$ cat model.pdb   # PDB, C-alpha atoms
ATOM      1  CA  MET A   1     -50.957 -14.163 -23.279
ATOM      2  CA  LYS A   2     -50.526 -14.394 -19.518
ATOM      3  CA  ILE A   3     -53.088 -16.533 -17.694
ATOM      4  CA  VAL A   4     -53.212 -16.840 -13.899
ATOM      5  CA  ILE A   5     -55.268 -19.657 -12.415
ATOM      6  CA  LEU A   6     -56.432 -19.335  -8.809
ATOM      7  CA  VAL A   7     -56.531 -22.819  -7.305
ATOM      8  CA  GLU A   8     -57.112 -24.468  -3.961
ATOM      9  CA  GLY A   9     -54.006 -26.513  -3.327
ATOM     10  CA  ARG A  10     -51.481 -29.194  -4.137
ATOM     11  CA  SER A  11     -53.486 -31.369  -6.527
ATOM     12  CA  GLU A  12     -54.015 -28.500  -8.919
ATOM     13  CA  GLN A  13     -50.331 -27.560  -8.685
ATOM     14  CA  ALA A  14     -49.441 -31.095  -9.792
ATOM     15  CA  PHE A  15     -51.837 -30.640 -12.718
ATOM     16  CA  LEU A  16     -50.023 -27.566 -14.107
ATOM     17  CA  PRO A  17     -47.278 -29.230 -16.218
ATOM     18  CA  PHE A  18     -49.828 -31.548 -17.835
ATOM     19  CA  LEU A  19     -52.118 -28.602 -18.517
ATOM     20  CA  ARG A  20     -49.301 -26.622 -20.144
ATOM     21  CA  ALA A  21     -48.292 -29.561 -22.328
ATOM     22  CA  PHE A  22     -51.887 -30.169 -23.393
ATOM     23  CA  VAL A  23     -52.454 -26.521 -24.344
ATOM     24  CA  ASP A  24     -49.128 -26.290 -26.190
ATOM     25  CA  GLY A  25     -50.079 -29.353 -28.233
ATOM     26  CA  ARG A  26     -53.253 -27.670 -29.491
ATOM     27  CA  LEU A  27     -51.749 -24.342 -30.539
ATOM     28  CA  PRO A  28     -51.269 -23.435 -34.217
ATOM     29  CA  ALA A  29     -47.780 -23.988 -35.606
ATOM     30  CA  GLY A  30     -45.513 -21.091 -34.690
ATOM     31  CA  ALA A  31     -47.940 -19.608 -32.138
ATOM     32  CA  ASP A  32     -46.578 -18.067 -28.973
ATOM     33  CA  ARG A  33     -47.076 -20.250 -25.925
ATOM     34  CA  PRO A  34     -49.241 -18.698 -23.229
ATOM     35  CA  LYS A  35     -47.665 -18.080 -19.842
ATOM     36  CA  ILE A  36     -49.856 -20.122 -17.516
ATOM     37  CA  SER A  37     -49.167 -19.796 -13.808
ATOM     38  CA  ILE A  38     -50.938 -20.804 -10.631
ATOM     39  CA  ASN A  39     -51.749 -18.842  -7.508
ATOM     40  CA  SER A  40     -52.413 -21.513  -4.888
ATOM     41  CA  PHE A  41     -54.315 -21.056  -1.653
ATOM     42  CA  ASP A  42     -54.563 -23.201   1.447
ATOM     43  CA  GLY A  43     -57.638 -25.349   1.040
ATOM     44  CA  ARG A  44     -59.888 -23.043  -0.997
ATOM     45  CA  ILE A  45     -59.644 -19.917  -3.087
ATOM     46  CA  PRO A  46     -60.699 -16.692  -1.348
ATOM     47  CA  LYS A  47     -64.241 -15.413  -1.535
ATOM     48  CA  GLU A  48     -66.169 -12.159  -1.414
ATOM     49  CA  GLU A  49     -64.120  -8.938  -1.204
ATOM     50  CA  LYS A  50     -60.807 -10.779  -0.925
ATOM     51  CA  LEU A  51     -61.361 -12.510  -4.263
ATOM     52  CA  ARG A  52     -62.134  -9.208  -5.968
ATOM     53  CA  LYS A  53     -58.910  -7.675  -4.651
ATOM     54  CA  ILE A  54     -56.835 -10.667  -5.779
ATOM     55  CA  VAL A  55     -58.315 -10.566  -9.286
ATOM     56  CA  GLU A  56     -57.658  -6.832  -9.566
ATOM     57  CA  HIS A  57     -54.087  -7.306  -8.297
ATOM     58  CA  GLU A  58     -53.351 -10.039 -10.850
ATOM     59  CA  VAL A  59     -54.674  -7.864 -13.686
ATOM     60  CA  ARG A  60     -52.636  -4.878 -12.520
ATOM     61  CA  SER A  61     -49.610  -7.191 -12.446
ATOM     62  CA  GLY A  62     -50.053  -8.029 -16.118
ATOM     63  CA  ALA A  63     -52.487 -10.946 -16.310
ATOM     64  CA  ASP A  64     -54.562 -10.985 -19.477
ATOM     65  CA  ALA A  65     -56.964 -13.427 -17.849
ATOM     66  CA  VAL A  66     -57.580 -14.700 -14.320
ATOM     67  CA  ILE A  67     -59.361 -18.033 -13.935
ATOM     68  CA  GLY A  68     -60.872 -19.003 -10.607
ATOM     69  CA  LEU A  69     -60.959 -22.795 -10.248
ATOM     70  CA  THR A  70     -62.844 -24.004  -7.195
ATOM     71  CA  ASP A  71     -64.178 -27.310  -5.982
ATOM     72  CA  VAL A  72     -67.915 -27.362  -5.402
ATOM     73  CA  TYR A  73     -67.118 -29.432  -2.313
ATOM     74  CA  THR A  74     -65.106 -27.004  -0.152
ATOM     75  CA  GLY A  75     -65.894 -28.399   3.281
ATOM     76  CA  SER A  76     -68.488 -25.649   3.669
ATOM     77  CA  ASN A  77     -71.974 -25.027   2.334
ATOM     78  CA  ASP A  78     -70.976 -22.062   0.165
ATOM     79  CA  PHE A  79     -71.779 -23.804  -3.122
ATOM     80  CA  GLN A  80     -74.634 -26.133  -3.945
ATOM     81  CA  THR A  81     -73.950 -26.691  -7.642
ATOM     82  CA  ALA A  82     -71.334 -25.844 -10.253
ATOM     83  CA  ASP A  83     -73.471 -23.000 -11.600
ATOM     84  CA  ASP A  84     -73.971 -21.668  -8.079
ATOM     85  CA  ALA A  85     -70.205 -21.655  -7.524
ATOM     86  CA  LYS A  86     -69.493 -19.888 -10.820
ATOM     87  CA  ASN A  87     -72.214 -17.306 -10.284
ATOM     88  CA  LYS A  88     -71.014 -16.500  -6.774
ATOM     89  CA  MET A  89     -67.364 -16.197  -7.837
ATOM     90  CA  ALA A  90     -68.345 -13.857 -10.676
ATOM     91  CA  LEU A  91     -70.347 -11.751  -8.222
ATOM     92  CA  TRP A  92     -67.526 -11.688  -5.669
ATOM     93  CA  ALA A  93     -65.106 -10.563  -8.404
ATOM     94  CA  ASN A  94     -67.536  -7.773  -9.305
ATOM     95  CA  HIS A  95     -67.985  -9.347 -12.761
ATOM     96  CA  HIS A  96     -64.481  -8.285 -13.765
ATOM     97  CA  PRO A  97     -64.178  -8.660 -17.573
ATOM     98  CA  LYS A  98     -60.886 -10.534 -17.269
ATOM     99  CA  PHE A  99     -62.106 -12.988 -14.622
ATOM    100  CA  TYR A 100     -63.446 -16.407 -15.612
ATOM    101  CA  PRO A 101     -64.970 -18.663 -12.922
ATOM    102  CA  HIS A 102     -64.729 -22.442 -13.310
ATOM    103  CA  THR A 103     -65.338 -25.453 -11.095
ATOM    104  CA  ALA A 104     -64.313 -29.031 -10.531
ATOM    105  CA  LEU A 105     -67.279 -31.233  -9.641
ATOM    106  CA  HIS A 106     -67.085 -31.977  -6.824
ATOM    107  CA  ASP A 107     -63.329 -31.745  -6.423
ATOM    108  CA  PHE A 108     -60.223 -31.948  -8.604
ATOM    109  CA  GLU A 109     -59.956 -35.715  -8.231
ATOM    110  CA  SER A 110     -63.085 -36.167 -10.361
ATOM    111  CA  TRP A 111     -60.822 -35.358 -13.323
ATOM    112  CA  LEU A 112     -58.605 -38.341 -12.445
ATOM    113  CA  ILE A 113     -61.449 -40.885 -12.275
ATOM    114  CA  PRO A 114     -61.509 -41.443 -16.090
ATOM    115  CA  PHE A 115     -58.045 -42.997 -15.708
ATOM    116  CA  TRP A 116     -59.358 -45.668 -13.350
ATOM    117  CA  ASP A 117     -57.117 -48.448 -14.685
ATOM    118  CA  ASP A 118     -54.063 -46.412 -13.696
ATOM    119  CA  ILE A 119     -55.563 -45.642 -10.291
ATOM    120  CA  LYS A 120     -56.077 -49.372  -9.697
ATOM    121  CA  ARG A 121     -52.551 -50.190 -10.830
ATOM    122  CA  LEU A 122     -50.946 -47.569  -8.603
ATOM    123  CA  ALA A 123     -53.052 -48.576  -5.596
ATOM    124  CA  GLY A 124     -52.832 -52.323  -6.185
ATOM    125  CA  SER A 125     -56.609 -52.556  -6.275
ATOM    126  CA  SER A 126     -59.148 -54.571  -8.260
ATOM    127  CA  ARG A 127     -62.052 -52.333  -7.274
ATOM    128  CA  ALA A 128     -64.533 -51.477 -10.018
ATOM    129  CA  ALA A 129     -64.794 -47.904 -11.188
ATOM    130  CA  PRO A 130     -67.560 -45.791  -9.631
ATOM    131  CA  SER A 131     -70.835 -46.295 -11.466
ATOM    132  CA  ALA A 132     -71.621 -42.576 -11.579
ATOM    133  CA  ALA A 133     -70.045 -40.240 -14.127
ATOM    134  CA  PRO A 134     -66.906 -38.676 -12.571
ATOM    135  CA  GLU A 135     -68.471 -35.267 -12.006
ATOM    136  CA  ARG A 136     -71.632 -36.838 -10.545
ATOM    137  CA  ILE A 137     -69.748 -38.266  -7.556
ATOM    138  CA  ASN A 138     -70.986 -35.848  -4.945
ATOM    139  CA  HIS A 139     -70.801 -34.379  -1.454
ATOM    140  CA  ASN A 140     -71.655 -37.692   0.256
ATOM    141  CA  LYS A 141     -68.328 -39.159  -0.827
ATOM    142  CA  PRO A 142     -66.415 -36.772  -3.089
ATOM    143  CA  PRO A 143     -63.875 -38.160  -5.596
ATOM    144  CA  ALA A 144     -60.901 -37.374  -3.334
ATOM    145  CA  SER A 145     -62.441 -39.603  -0.663
ATOM    146  CA  VAL A 146     -63.012 -42.353  -3.236
ATOM    147  CA  LEU A 147     -59.345 -42.261  -4.239
ATOM    148  CA  SER A 148     -58.201 -42.202  -0.615
ATOM    149  CA  GLU A 149     -60.290 -45.291   0.100
ATOM    150  CA  VAL A 150     -59.005 -47.177  -2.953
ATOM    151  CA  PHE A 151     -55.378 -46.460  -2.076
ATOM    152  CA  LEU A 152     -55.776 -47.400   1.591
ATOM    153  CA  GLN A 153     -57.522 -50.674   0.734
ATOM    154  CA  GLY A 154     -55.175 -51.563  -2.131
ATOM    155  CA  SER A 155     -52.317 -54.028  -1.869
ATOM    156  CA  LYS A 156     -49.706 -51.244  -2.065
ATOM    157  CA  GLY A 157     -50.857 -50.243   1.405
ATOM    158  CA  ARG A 158     -50.222 -46.550   1.340
ATOM    159  CA  ALA A 159     -52.376 -43.450   1.491
ATOM    160  CA  TYR A 160     -53.299 -41.370  -1.532
ATOM    161  CA  SER A 161     -51.000 -38.351  -1.822
ATOM    162  CA  LYS A 162     -52.565 -35.543  -3.830
ATOM    163  CA  PRO A 163     -49.446 -34.095  -5.490
ATOM    164  CA  ARG A 164     -47.559 -37.368  -5.883
ATOM    165  CA  ASP A 165     -50.347 -39.619  -7.088
ATOM    166  CA  ALA A 166     -52.195 -37.057  -9.187
ATOM    167  CA  ALA A 167     -48.992 -36.588 -11.188
ATOM    168  CA  ARG A 168     -48.462 -40.345 -11.492
ATOM    169  CA  ILE A 169     -52.020 -40.875 -12.718
ATOM    170  CA  LEU A 170     -51.749 -38.103 -15.312
ATOM    171  CA  GLN A 171     -48.321 -39.057 -16.631
ATOM    172  CA  GLY A 172     -48.508 -39.548 -20.406
ATOM    173  CA  LYS A 173     -52.289 -39.039 -20.537
ATOM    174  CA  ASP A 174     -54.358 -37.141 -23.103
ATOM    175  CA  LEU A 175     -56.482 -34.728 -21.094
ATOM    176  CA  SER A 176     -59.132 -34.722 -23.809
ATOM    177  CA  ILE A 177     -60.047 -38.265 -22.673
ATOM    178  CA  ALA A 178     -60.940 -36.937 -19.227
ATOM    179  CA  ALA A 179     -62.574 -33.853 -20.758
ATOM    180  CA  HIS A 180     -65.046 -35.986 -22.713
ATOM    181  CA  ALA A 181     -66.112 -37.643 -19.438
ATOM    182  CA  CYS A 182     -66.069 -34.410 -17.399
ATOM    183  CA  PRO A 183     -67.994 -31.428 -18.839
ATOM    184  CA  GLU A 184     -66.601 -28.968 -16.290
ATOM    185  CA  LEU A 185     -63.029 -29.975 -17.172
ATOM    186  CA  LYS A 186     -63.872 -29.600 -20.865
ATOM    187  CA  ALA A 187     -65.233 -26.100 -20.230
ATOM    188  CA  PHE A 188     -62.116 -25.174 -18.243
ATOM    189  CA  LEU A 189     -59.715 -26.476 -20.911
ATOM    190  CA  ASN A 190     -61.673 -24.885 -23.732
ATOM    191  CA  ARG A 191     -61.649 -21.564 -21.886
ATOM    192  CA  ILE A 192     -57.855 -21.580 -21.846
ATOM    193  CA  LEU A 193     -57.644 -22.760 -25.452
ATOM    194  CA  SER A 194     -60.046 -20.046 -26.592
ATOM    195  CA  LEU A 195     -58.044 -17.373 -24.769
ATOM    196  CA  CYS A 196     -54.820 -18.331 -26.528
ATOM    197  CA  GLY A 197     -56.163 -19.359 -29.933
ATOM    198  CA  GLY A 198     -55.786 -23.102 -29.515
ATOM    199  CA  GLN A 199     -57.854 -25.881 -31.063
ATOM    200  CA  LEU A 200     -60.955 -26.428 -28.933
ATOM    201  CA  ILE A 201     -62.032 -29.864 -27.714
ATOM    202  CA  PRO A 202     -65.152 -30.749 -29.743
TER     203      PRO A 202
END
$ encode --input "model.pdb" --output "structure tokens"
Amino acid sequence: MKIVILVEGRSEQAFLPFLRAFVDGRLPAGADRPKISINSFDGRIPKEEKLRKIVEHEVRSGADAVIGLTDVYTGSNDFQTADDAKNKMALWANHHPKFYPHTALHDFESWLIPFWDDIKRLAGSSRAAPSAAPERINHNKPPASVLSEVFLQGSKGRAYSKPRDAARILQGKDLSIAAHACPELKAFLNRILSLCGGQLIP
């Protein structure tokens, strides 16, 4: 099973080794490991005709499944909700049977918020966790902005770095913990697990 995930940038690239380890840990004994790779774009995944062409190219190149993973918050007004984003990506990909649209609400960093104690430790902060559920933190101040603020105001005195700090936050973590707090992450993980015969997150 070859799975290609279309992602927006460096945070999602840092997520890949943790994703692979999580999926491998939920496969039946003796099962072949899926080949999960990332096709990363600068800031956002393509849209409209360009997305369709990329999906078709990945399938021609041997992908059994192509997953489009977009933020709802893209710096534009393209998407209003997670369902809107998924519906538009499916339409842009011409409803290709091997294409599966998924979202992070409102950006990838929402999936790090459940590990708030580690965020505080790395930033040197005593700030309380956001009161909203991670995927309810919205366009007004998306999760990436929340993390940037916590790191800048923390005693460690350095800015949040997406690839460096995302990896540090996720080190040694069980992604199912974040999945139970983040329905869109759960749907994304379960999509991959279902494609390769892994144990789904209940």
$ residues_around --input "model.pdb" --residues "stretch 75-92 of chain A" --least-positions-apart "3" --cutoff "6 Å" --atoms "all atoms listed in the file" --output "PyMOL selection string"
chain A and resi 48+52+72+95+101-102
$ atom_distance --input "model.pdb" --atom1 "atom CA of A:Ala93" --atom2 "atom CA of A:Leu51"
5.9 Å
$ residues_around --input "model.pdb" --residues "A:Lys162" --least-positions-apart "2" --cutoff "7 Å" --atoms "all atoms listed in the file" --output "list of chain:residue names"
A:Arg10, A:Ser11, A:Tyr160, A:Arg164, A:Asp165, A:Ala166
$ resolve_selection --input "model.pdb" --expression "the PyMOL selection byres ((chain A and resi 3-8) around 7)" --output "list in words"
Met1, Lys2, Gly9, Glu12, Lys35, Ile36, Ser37, Ile38, Asn39, Ser40, Phe41, Asp42, Gly43, Arg44, Ile45, Ala63, Asp64, Ala65, Val66, Ile67, Gly68, Leu69 and Thr70 of chain A
$ resolve_selection --input "model.pdb" --expression "the PyMOL selection byres ((chain A and resi 125-135) around 12)" --output "ChimeraX atom specification"
/A:71-73,81-82,103-124,136-139,141-144,146-158,178-186
$ closest_residue --input "model.pdb" --among "A:Leu193, A:Ile177, A:Leu170, A:Val55" --to "A:Phe18" --atoms "all atoms listed in the file"
A:Leu170
$ atom_distance --input "model.pdb" --atom1 "atom CA of A:Ala167" --atom2 "atom CA of A:Phe22"
14.1 Å
$ axis_aligned_box --input "model.pdb" --around "stretch 81-96 of chain A" --padding-each-side "6 Å" --output "lines of an AutoDock Vina configuration file"
center_x = -69.2
center_y = -17.2
center_z = -9.7
size_x = 21.5
size_y = 30.9
size_z = 20.1
